[in-house]
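*Asks:* Take a look at the following structure, please.
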Amino acid sequence: MGERTCERVHRDNRDNIAVYLENVTTAYPRCTDPALKEVSLSIEEGSIALVTGPNGAGKTTLLELILGFLRPLVGTVRILGYRIPEHVRKVRLLSSYLMQDFMRGPNETYTVKQVVSMGLAPYKPPIRSLSDKEKKRVIEAIATVGLLGLEDRPIGTLSGGQQQRVFLARVLVRQPKLILLDEPFSSLDREGRIECSELINKIKTKLNTTIVVVSHDKKPILKYVDKIIEMENGRVARIK
């Protein structure tokens with residue numbers, strides 16, 4: 001009852017906007033120079049947005065701001081209708097974040113099924129095992145990314161493309177309203193980037209979710225993108 005009351009009072013999403021920033025400036029702790037400066041943008045629910053730009057442009061910083069790892073010094077941040085930082089916990093429970101450098105070495109012994117199950121950790125007490133319904137969700141997520149039959153394989157024995165699929169399944173199993181992917185193509189070859197882009201679009205359609213992709217490489221994902229946000233020097237340079 002308390003959660004529903006909180007949502008009714010504090011959620012403001014009348015325009016179906018998943019990510020809304022208005023004149024936002026932020027900085028990293030103990031840094032005097034802003035990391036993002038006067039950023040304004042909006043991303044509609046159920047869309048794919050591509051954030052691109054050179055190194056140091058502020059792309060990853062933008063994701064950190066959306067998830068509340070950084071606080072706005074000035075301006076308004078509203079994610080899924082909730083203001084940041086006031087309702088950061090709620091936003092994180094509704095979101096999934098896949099960071100850069102997902103590759104695991106050959107000695108990594110966690111199985112595909114165990115890695116995907118970790119996506120449900122924020123919703124469970126630390127000691128409680130998965131319910132039958134949750135186990136079914138894990139297998140369904142593995143099947144969606146095309147890895148059914150490999151669920152008991154150690155992730156370190158998989159190729160880069162297969163490992164990327166495992167981590168996308170971990171994102172998928174949470175059934176999030178917002179997915180943030182930071183350089184998801186960085187360790188993949190050309191064919192793997194195309195397959196990953198197709199899978200990202202499949203996840204968006206399956207969940208009817210919003211996906212924000214940070215990538216230097218526009219080509220693989222371009223045909224699925226609804227909006228392109230180009231960043232330079234901590235600012236939004238262009239929105240297409």
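We label chains A, B, ... in the order they appear in the structure tokens, count residues from 1 in each chain, and number ligands from 1 in the order shown.
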Leaving out Thr157 (chain A) and any residue of its chain fewer than 2 positions from it, which residues lie within 8 Å of it when counting only C-alpha atoms, given as an MDAnalysis selection string?
*Replies:* chainID A and resid 106 108 153:155 159
*Asks:* Restricting the output to C-alpha atoms, write the selected residues as a PDB file, in the first residue's frame.
*Replies:*
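Written output follows (out_21.pdb):
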```pdb
ATOM      1  CA  PRO A 106      38.694 -18.548 -19.116  1.00  0.00           C
ATOM      2  CA  GLU A 108      35.591 -17.677 -14.591  1.00  0.00           C
ATOM      3  CA  ARG A 153      28.375 -23.918 -19.126  1.00  0.00           C
ATOM      4  CA  PRO A 154      30.942 -21.771 -17.275  1.00  0.00           C
ATOM      5  CA  ILE A 155      30.760 -18.293 -18.764  1.00  0.00           C
ATOM      6  CA  SER A 159      33.029 -16.659 -26.950  1.00  0.00           C
TER       7      SER A 159
END
```
*Asks:* Write out as number ranges by chain the residues lying within 10 Å of Met231 (chain A), counting only C-alpha atoms and excluding same-chain residues fewer than 4 positions away.
*Replies:* A: 36, 39, 51-59, 62, 235-239
*Asks:* So the first atom is CA of Ile221 (chain A) and the second is CA of Gln175 (chain A); what is the distance between them in Å, to one decimal place?
*Replies:*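 CA of Gln175 (chain A) lies 21.2 Å from CA of Ile221 (chain A).
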*Asks:* Could you pull out the strand (DSSP E) residues of region 77-112 of chain A, going by DSSP on the backbone, and write them as a list in words?
*Replies:*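 Put together, the selection reads Val77, Arg78, Ile79, Tyr82, Arg83, Ile84, Ser95, Ser96, Tyr97 and Leu98 of chain A.
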*Asks:* Produce a file of the selected residues containing N, CA, C and O atoms, as a PDB file, in the first residue's frame.
*Replies:*
```pdb
ATOM      1  N   VAL A  77      16.319  16.294 -13.131  1.00  0.00           N
ATOM      2  CA  VAL A  77      16.454  14.947 -13.684  1.00  0.00           C
ATOM      3  C   VAL A  77      15.227  14.153 -13.263  1.00  0.00           C
ATOM      4  O   VAL A  77      14.954  14.005 -12.072  1.00  0.00           O
ATOM      5  N   ARG A  78      14.498  13.642 -14.249  1.00  0.00           N
ATOM      6  CA  ARG A  78      13.325  12.817 -13.962  1.00  0.00           C
ATOM      7  C   ARG A  78      13.412  11.557 -14.818  1.00  0.00           C
ATOM      8  O   ARG A  78      13.464  11.642 -16.046  1.00  0.00           O
ATOM      9  N   ILE A  79      13.456  10.404 -14.154  1.00  0.00           N
ATOM     10  CA  ILE A  79      13.621   9.130 -14.828  1.00  0.00           C
ATOM     11  C   ILE A  79      12.396   8.262 -14.544  1.00  0.00           C
ATOM     12  O   ILE A  79      12.060   8.025 -13.376  1.00  0.00           O
ATOM     13  N   TYR A  82      10.156   9.676 -12.044  1.00  0.00           N
ATOM     14  CA  TYR A  82      10.639   9.894 -10.683  1.00  0.00           C
ATOM     15  C   TYR A  82      11.825  10.859 -10.687  1.00  0.00           C
ATOM     16  O   TYR A  82      12.737  10.737 -11.521  1.00  0.00           O
ATOM     17  N   ARG A  83      11.836  11.757  -9.755  1.00  0.00           N
ATOM     18  CA  ARG A  83      12.929  12.730  -9.667  1.00  0.00           C
ATOM     19  C   ARG A  83      14.166  12.090  -9.047  1.00  0.00           C
ATOM     20  O   ARG A  83      14.073  11.300  -8.108  1.00  0.00           O
ATOM     21  N   ILE A  84      15.302  12.447  -9.613  1.00  0.00           N
ATOM     22  CA  ILE A  84      16.613  12.056  -9.101  1.00  0.00           C
ATOM     23  C   ILE A  84      17.237  13.293  -8.458  1.00  0.00           C
ATOM     24  O   ILE A  84      17.212  14.371  -9.051  1.00  0.00           O
ATOM     25  N   SER A  95      15.374  -0.340 -13.437  1.00  0.00           N
ATOM     26  CA  SER A  95      16.360  -0.189 -14.513  1.00  0.00           C
ATOM     27  C   SER A  95      17.373  -1.326 -14.488  1.00  0.00           C
ATOM     28  O   SER A  95      17.558  -2.000 -13.476  1.00  0.00           O
ATOM     29  N   SER A  96      18.031  -1.527 -15.623  1.00  0.00           N
ATOM     30  CA  SER A  96      19.164  -2.447 -15.731  1.00  0.00           C
ATOM     31  C   SER A  96      20.295  -1.732 -16.451  1.00  0.00           C
ATOM     32  O   SER A  96      20.057  -1.008 -17.424  1.00  0.00           O
ATOM     33  N   TYR A  97      21.518  -1.976 -15.986  1.00  0.00           N
ATOM     34  CA  TYR A  97      22.692  -1.277 -16.514  1.00  0.00           C
ATOM     35  C   TYR A  97      23.749  -2.305 -16.871  1.00  0.00           C
ATOM     36  O   TYR A  97      24.174  -3.096 -16.025  1.00  0.00           O
ATOM     37  N   LEU A  98      24.169  -2.313 -18.131  1.00  0.00           N
ATOM     38  CA  LEU A  98      25.260  -3.168 -18.571  1.00  0.00           C
ATOM     39  C   LEU A  98      26.467  -2.283 -18.854  1.00  0.00           C
ATOM     40  O   LEU A  98      26.475  -1.493 -19.798  1.00  0.00           O
TER      41      LEU A  98
END
```
*Asks:* Give the alpha helix (DSSP H) residues of region 4-232 of chain A, as DSSP finds them on the backbone, and put them as a count of residues only.
*Replies:* 72
*Asks:* Compile the contact shell of Val171 (chain A) as an MDAnalysis selection string: residues with an atom at most 7 Å away, counting only C-alpha atoms, same-chain residues fewer than 3 positions apart removed.
*Replies:* chainID A and resid 96 119 167:168 174
